[in-house]
>>> print(open('run.txt').read())   # compact mmCIF, C-alpha atoms
# COMPACT_ATOMS: atom_id res chain seq x y z
CA MET X 1 -18.41 -2.04 -20.04
CA PHE X 2 -18.62 -2.43 -16.28
CA ASP X 3 -15.16 -3.98 -16.11
CA ASN X 4 -13.79 -1.27 -18.37
CA PHE X 5 -15.17 1.40 -16.10
CA ILE X 6 -13.60 -0.19 -13.03
CA PHE X 7 -10.34 -0.65 -14.88
CA LEU X 8 -10.15 2.90 -16.21
CA SER X 9 -11.03 4.60 -12.94
CA SER X 10 -8.71 2.34 -10.93
CA ALA X 11 -5.86 2.92 -13.36
CA ALA X 12 -6.45 6.66 -13.19
CA LEU X 13 -6.40 6.51 -9.39
CA ALA X 14 -3.26 4.38 -9.26
CA ILE X 15 -1.24 6.34 -11.83
CA GLY X 16 -2.46 9.75 -10.69
CA GLY X 17 -1.73 8.90 -7.08
CA ALA X 18 1.74 7.61 -7.87
CA LEU X 19 2.65 10.66 -9.94
CA SER X 20 1.23 12.96 -7.28
CA VAL X 21 3.40 11.28 -4.64
CA VAL X 22 6.39 12.21 -6.79
CA VAL X 23 5.30 15.78 -7.43
CA SER X 24 3.89 16.76 -4.05
CA THR X 25 6.18 18.63 -1.70
CA ASN X 26 4.01 18.35 1.39
CA LEU X 27 4.62 15.04 3.14
CA MET X 28 1.09 14.76 4.50
CA HIS X 29 -0.34 15.32 1.02
CA SER X 30 1.93 12.74 -0.54
CA CYS X 31 0.80 10.22 2.08
CA ILE X 32 -2.82 10.87 1.13
CA TYR X 33 -1.89 10.49 -2.54
CA LEU X 34 -0.29 7.16 -1.68
CA LEU X 35 -3.61 6.16 -0.11
CA MET X 36 -5.32 7.05 -3.41
CA SER X 37 -2.82 4.98 -5.38
CA LEU X 38 -3.29 1.98 -3.07
CA ILE X 39 -7.08 2.16 -3.49
CA GLY X 40 -6.51 2.23 -7.25
CA VAL X 41 -4.34 -0.88 -7.05
CA SER X 42 -7.08 -2.56 -5.03
CA GLY X 43 -9.55 -1.76 -7.82
CA LEU X 44 -7.10 -3.25 -10.32
CA TYR X 45 -7.07 -6.45 -8.25
CA VAL X 46 -10.86 -6.52 -8.58
CA THR X 47 -10.61 -6.33 -12.37
CA LEU X 48 -8.14 -9.22 -12.18
CA SER X 49 -10.86 -11.18 -10.28
CA ALA X 50 -8.60 -11.39 -7.22
CA ASP X 51 -11.21 -10.45 -4.66
CA PHE X 52 -9.39 -11.72 -1.56
CA LEU X 53 -6.29 -9.81 -2.61
CA ALA X 54 -8.32 -6.63 -3.10
CA ALA X 55 -9.87 -6.94 0.36
CA THR X 56 -6.48 -7.65 1.92
CA GLN X 57 -4.98 -4.66 0.14
CA LEU X 58 -7.72 -2.43 1.51
CA VAL X 59 -7.50 -3.75 5.06
CA VAL X 60 -3.72 -3.98 5.42
CA TYR X 61 -2.52 -1.03 3.37
CA VAL X 62 -5.32 1.50 3.52
CA GLY X 63 -6.37 0.62 7.05
CA GLY X 64 -2.98 -0.14 8.52
CA VAL X 65 0.16 1.00 6.78
CA VAL X 66 -1.02 4.42 5.64
CA ILE X 67 -2.50 5.21 9.04
CA LEU X 68 0.81 4.19 10.63
CA MET X 69 2.64 6.49 8.23
CA LEU X 70 0.28 9.36 9.01
CA PHE X 71 0.97 8.87 12.72
CA ALA X 72 4.71 8.81 12.09
CA ILE X 73 4.48 12.01 10.06
CA MET X 74 2.48 13.72 12.79
CA LEU X 75 4.88 12.49 15.47
CA THR X 76 7.88 13.87 13.62
CA ALA X 77 6.37 16.96 12.00
CA GLY X 78 7.56 19.37 14.65
CA SER X 79 11.03 19.55 13.17
CA ASP X 80 12.35 22.47 11.16
CA ASN X 81 12.11 20.45 8.00
CA LYS X 82 10.83 22.72 5.26
CA THR X 83 8.97 20.03 3.39
CA VAL X 84 6.79 19.23 6.38
CA ASN X 85 3.92 21.50 7.12
CA ARG X 86 3.72 21.90 10.87
CA PHE X 87 0.12 20.87 11.25
CA GLY X 88 -0.06 18.97 8.02
CA ILE X 89 -3.42 19.82 6.58
CA VAL X 90 -3.95 23.50 7.28
CA LYS X 91 -3.66 24.38 3.62
CA ILE X 92 -6.76 22.42 2.66
CA PRO X 93 -9.97 24.47 2.73
CA PRO X 94 -12.61 22.98 5.02
CA MET X 95 -14.94 21.85 2.26
CA GLY X 96 -12.21 20.64 -0.06
CA ASN X 97 -11.37 21.82 -3.52
CA LEU X 98 -11.75 20.39 -7.01
CA LYS X 99 -8.81 18.02 -6.59
CA THR X 100 -10.20 16.44 -3.43
CA TYR X 101 -13.65 16.17 -5.01
CA ILE X 102 -12.19 14.31 -8.00
CA MET X 103 -10.24 12.05 -5.69
CA SER X 104 -13.27 11.24 -3.58
CA LEU X 105 -15.50 10.68 -6.62
CA LEU X 106 -13.04 8.25 -8.20
CA THR X 107 -12.53 6.47 -4.89
CA ALA X 108 -16.25 6.15 -4.25
CA GLY X 109 -16.76 4.85 -7.79
CA VAL X 110 -14.04 2.26 -7.48
CA MET X 111 -15.20 1.06 -4.09
CA GLY X 112 -18.87 0.91 -5.11
CA CYS X 113 -18.12 -0.94 -8.33
CA SER X 114 -15.82 -3.35 -6.52
CA VAL X 115 -18.49 -4.27 -4.00
CA LEU X 116 -21.09 -4.52 -6.78
CA LYS X 117 -18.84 -6.79 -8.81
CA MET X 118 -18.26 -9.05 -5.86
CA ILE X 119 -21.94 -9.39 -4.93
CA MET X 120 -23.35 -9.25 -8.47
CA ASN X 121 -23.36 -12.99 -9.10
CA ILE X 122 -24.74 -14.17 -5.80
CA ASN X 123 -28.20 -14.84 -7.18
CA GLN X 124 -27.01 -16.30 -10.44
CA THR X 125 -27.71 -19.97 -10.87
CA THR X 126 -25.39 -21.85 -13.14
CA LYS X 127 -25.91 -25.16 -14.80
CA LEU X 128 -24.57 -28.30 -13.26
CA GLY X 129 -20.86 -28.80 -13.82
CA GLU X 130 -20.29 -25.25 -14.94
CA LEU X 131 -18.30 -22.72 -12.98
CA PRO X 132 -19.61 -19.20 -12.58
CA PRO X 133 -17.49 -16.67 -14.48
CA TYR X 134 -16.03 -15.07 -11.39
CA SER X 135 -15.87 -17.56 -8.57
CA THR X 136 -14.45 -16.42 -5.28
CA THR X 137 -10.81 -17.20 -4.65
CA VAL X 138 -10.95 -17.25 -0.85
CA GLU X 139 -11.51 -20.99 -0.57
CA GLN X 140 -8.69 -21.90 -2.96
CA ILE X 141 -6.28 -19.46 -1.33
CA GLY X 142 -7.09 -20.85 2.10
CA THR X 143 -6.50 -24.40 0.88
CA LEU X 144 -3.22 -23.43 -0.77
CA LEU X 145 -2.00 -21.59 2.33
CA VAL X 146 -2.28 -24.63 4.59
CA THR X 147 -1.18 -27.25 2.10
CA ASP X 148 1.41 -26.15 -0.45
CA HIS X 149 2.66 -22.97 1.19
CA VAL X 150 2.38 -23.87 4.84
CA LEU X 151 6.10 -23.31 5.52
CA ALA X 152 5.99 -19.77 4.12
CA PHE X 153 2.80 -19.17 6.10
CA GLU X 154 4.43 -20.16 9.40
CA ILE X 155 7.61 -18.24 8.61
CA SER X 156 5.57 -15.12 7.87
CA SER X 157 3.82 -15.46 11.22
CA VAL X 158 7.21 -15.60 12.97
CA LEU X 159 8.33 -12.63 10.88
CA LEU X 160 5.30 -10.62 11.95
CA LEU X 161 5.94 -11.45 15.61
CA GLY X 162 9.56 -10.38 15.21
CA ALA X 163 8.54 -7.16 13.52
CA LEU X 164 6.04 -6.44 16.30
CA VAL X 165 8.57 -6.97 19.09
CA GLY X 166 11.31 -5.16 17.17
CA ALA X 167 9.18 -2.12 16.47
CA ALA X 168 8.08 -1.94 20.10
CA VAL X 169 11.68 -2.20 21.34
CA ILE X 170 13.09 0.30 18.86
CA ALA X 171 10.45 2.98 19.27
CA ARG X 172 10.15 2.80 23.06
CA PRO X 173 10.38 6.15 24.84
CA ARG X 174 13.74 7.00 26.33
CA LEU X 175 13.93 6.63 30.07
CA GLU X 176 15.13 9.46 32.27
CA ASN X 177 17.90 7.48 33.95
CA GLU X 178 19.02 5.82 30.75
CA VAL X 179 22.64 6.63 30.14
CA THR X 180 23.13 8.16 26.71
CA LYS X 181 26.63 8.29 25.42
CA MET H 1 -8.49 -2.94 -22.96
CA ILE H 2 -8.09 -5.17 -19.92
CA SER H 3 -5.04 -7.10 -21.02
CA LEU H 4 -1.63 -8.03 -19.71
CA PRO H 5 0.32 -5.15 -21.35
CA SER H 6 -1.90 -2.47 -19.81
CA PHE H 7 -1.37 -3.94 -16.35
CA LEU H 8 2.35 -4.14 -17.00
CA ALA H 9 2.33 -0.49 -18.07
CA ILE H 10 0.52 0.58 -14.90
CA SER H 11 2.91 -1.49 -12.81
CA PHE H 12 5.85 0.08 -14.62
CA ILE H 13 4.57 3.58 -13.89
CA LEU H 14 4.13 2.68 -10.23
CA PHE H 15 7.63 1.23 -10.07
CA VAL H 16 9.27 4.23 -11.71
CA SER H 17 7.35 6.61 -9.46
CA GLY H 18 8.52 4.73 -6.40
CA LEU H 19 12.09 4.73 -7.66
CA VAL H 20 12.01 8.46 -8.33
CA VAL H 21 10.55 9.09 -4.89
CA MET H 22 13.26 6.97 -3.27
CA ILE H 23 16.02 8.76 -5.16
CA ALA H 24 14.77 12.33 -5.17
CA LYS H 25 13.19 12.90 -1.77
CA LYS H 26 15.30 13.70 1.25
CA ASN H 27 12.73 12.80 3.86
CA ILE H 28 12.96 9.33 5.40
CA ILE H 29 9.18 8.85 5.54
CA ALA H 30 8.89 9.88 1.89
CA ILE H 31 11.46 7.22 1.03
CA LEU H 32 9.31 4.66 2.85
CA LEU H 33 6.34 5.82 0.73
CA GLY H 34 8.43 5.06 -2.37
CA VAL H 35 9.22 1.58 -1.05
CA GLU H 36 5.50 0.93 -0.61
CA LEU H 37 4.85 1.96 -4.23
CA ILE H 38 7.54 -0.40 -5.52
CA LEU H 39 6.21 -3.34 -3.48
CA ASN H 40 2.73 -2.62 -4.81
CA SER H 41 3.90 -2.70 -8.40
CA ALA H 42 5.53 -6.08 -7.82
CA ALA H 43 2.37 -7.49 -6.24
CA LEU H 44 0.27 -6.15 -9.11
CA ASN H 45 2.56 -7.90 -11.60
CA PHE H 46 2.12 -11.21 -9.79
CA ALA H 47 -1.67 -10.89 -9.82
CA ALA H 48 -1.73 -9.86 -13.51
CA TYR H 49 0.42 -12.79 -14.59
CA THR H 50 -1.76 -15.15 -12.57
CA ARG H 51 -4.86 -13.90 -14.35
CA PHE H 52 -3.56 -13.87 -17.91
CA VAL H 53 -0.79 -16.47 -18.13
CA ASN H 54 -1.45 -19.37 -15.78
CA GLN H 55 -4.68 -19.80 -13.93
CA ASN H 56 -3.48 -21.31 -10.67
CA LEU H 57 -3.39 -19.07 -7.63
CA ASP H 58 0.32 -19.14 -6.76
CA GLY H 59 0.68 -15.53 -7.85
CA HIS H 60 -2.06 -14.52 -5.44
CA ILE H 61 -0.21 -16.26 -2.61
CA MET H 62 2.95 -14.42 -3.61
CA SER H 63 1.13 -11.06 -3.62
CA LEU H 64 -0.31 -11.89 -0.21
CA PHE H 65 3.17 -12.51 1.20
CA ILE H 66 4.38 -9.28 -0.41
CA ILE H 67 1.61 -7.42 1.43
CA ILE H 68 2.53 -9.12 4.73
CA ILE H 69 6.21 -8.26 4.35
CA ALA H 70 5.36 -4.69 3.38
CA ALA H 71 3.34 -4.32 6.57
CA ALA H 72 6.21 -5.65 8.70
CA GLU H 73 8.69 -3.44 6.87
CA ALA H 74 6.54 -0.35 7.38
CA ALA H 75 6.20 -1.03 11.11
CA VAL H 76 9.91 -1.53 11.70
CA GLY H 77 10.89 1.32 9.36
CA LEU H 78 8.60 3.81 11.03
CA ALA H 79 9.82 2.70 14.45
CA ILE H 80 13.37 3.39 13.31
CA VAL H 81 12.27 6.78 11.96
CA ILE H 82 10.64 7.73 15.26
CA ARG H 83 13.68 6.61 17.24
CA PHE H 84 15.94 8.55 14.88
CA PHE H 85 13.79 11.62 15.34
CA GLN H 86 14.02 11.27 19.13
CA ILE H 87 17.80 11.20 18.93
CA ARG H 88 18.58 13.62 16.11
CA GLU H 89 15.48 15.89 16.09
CA SER H 90 15.33 15.56 12.34
CA ILE H 91 14.03 13.21 9.65
CA HIS H 92 16.36 14.35 6.90
CA ILE H 93 18.22 11.46 5.29
CA ASP H 94 21.54 13.32 5.23
CA ASP H 95 21.52 13.51 9.04
CA ALA H 96 21.61 9.73 9.29
CA THR H 97 25.35 9.34 9.23
CA GLN H 98 26.15 7.04 12.14
CA LEU H 99 24.71 3.93 13.68
CA LEU H 100 25.66 4.72 17.27
CA GLN H 101 24.37 7.91 18.73
>>> encode(input="run.txt", output="structure tokens")
Amino acid sequence: MFDNFIFLSSAALAIGGALSVVVSTNLMHSCIYLLMSLIGVSGLYVTLSADFLAATQLVVYVGGVVILMLFAIMLTAGSDNKTVNRFGIVKIPPMGNLKTYIMSLLTAGVMGCSVLKMIMNINQTTKLGELPPYSTTVEQIGTLLVTDHVLAFEISSVLLLGALVGAAVIARPRLENEVTK
Amino acid sequence: MISLPSFLAISFILFVSGLVVMIAKKNIIAILLGVELILNSAALNFAAYTRFVNQNLDGHIMSLFIIIIAAAEAAVGLAIVIRFFQIRESIHIDDATQLLQ
């Protein structure tokens, strides 16, 4: 029952967000719909009992990538591109409309149920030699990362450093005395 | 209800949405949004197969690396978009016709 509720609301968020990204013509709106879809995928990870993956999805995607995209949209929105609203969100009424209420209700439900599902079995005591039904995966993932997959782990750290330096070099502001051909 | 085919169906819808966004939209940032959707569908498939087919956590590790690479890709892609906008004053994909300014 509880799992079914999380699954249904997360699936609705993910699919509705993805389809809205396709349909929406405003770039800022489609970025917010992508946020909705990513939160839905995070809820789906919770139903798959992948709690570390769900937390990582929330932190990296919702907290990092989407915010980066919003900044990029706002930095480039001054162009005469017709699909970009100049200030992005002026069309939304201040208190929101039915669509934003539905979005926020589903998101709050998914997040609340996810946290509840993670902390629900803290006080449960299981018999000796018996695993709880949903044990946390953080310990096993940490062990796997530094034993079996340590090469991929190190390579990904080098990749992230390269991406950091590359992004900083590419997006640096143009200097005044820089010769442009 | 919570079974492998339903997760595969959701992942399929995410993938097709991302593909349609990548093909149909003419805005570079919108194309990056489509790439994020496709990477998410792949990561969801890995997690679903880990849960329902084999119980070891290799699929979780793979999803984790997909998330890492998506973050790196988004950073570099958006840096390129911002640089392109500084040079061309536009983020329309049809304006990106040459590598050298």
>>> interface_residues(input="run.txt", of="chain X", to="chain H", cutoff="7 Å", atoms="all atoms listed in the file", output="PyMOL selection string")
chain X and resi 11+15+18-19+22+27+48+53+65+72+76+79+141+160+163+166-167+170-171
>>> atom_distance(input="run.txt", atom1="atom CA of Leu98 of chain X", atom2="atom CA of Phe5 of chain X")
21.3 Å
>>> atom_distance(input="run.txt", atom1="atom CA of Thr136 of chain X", atom2="atom CA of Met103 of chain X")
28.8 Å
>>> atom_distance(input="run.txt", atom1="atom CA of Ser10 of chain X", atom2="atom CA of Ser37 of chain X")
8.5 Å
>>> closest_residue(input="run.txt", among="X:Met69, X:Leu44, X:Met28, X:Ile119", to="Leu8 of chain H", atoms="all atoms listed in the file")
X:Leu44
>>> closest_residue(input="run.txt", among="X:Phe52, X:Tyr33, X:Phe71, X:Tyr45", to="Val110 of chain X", atoms="only C-alpha atoms")
X:Tyr45
>>> closest_residue(input="run.txt", among="H:Thr97, H:Leu4, H:Ile28, H:Arg88", to="Asn45 of chain H", atoms="only C-alpha atoms")
H:Leu4
>>> axis_aligned_box(input="run.txt", around="segment 68-76 of chain H", padding_each_side="3 Å", output="AutoDock Vina command-line options")
--center_x 6.2 --center_y -4.7 --center_z 7.5 --size_x 13.4 --size_y 14.8 --size_z 14.3
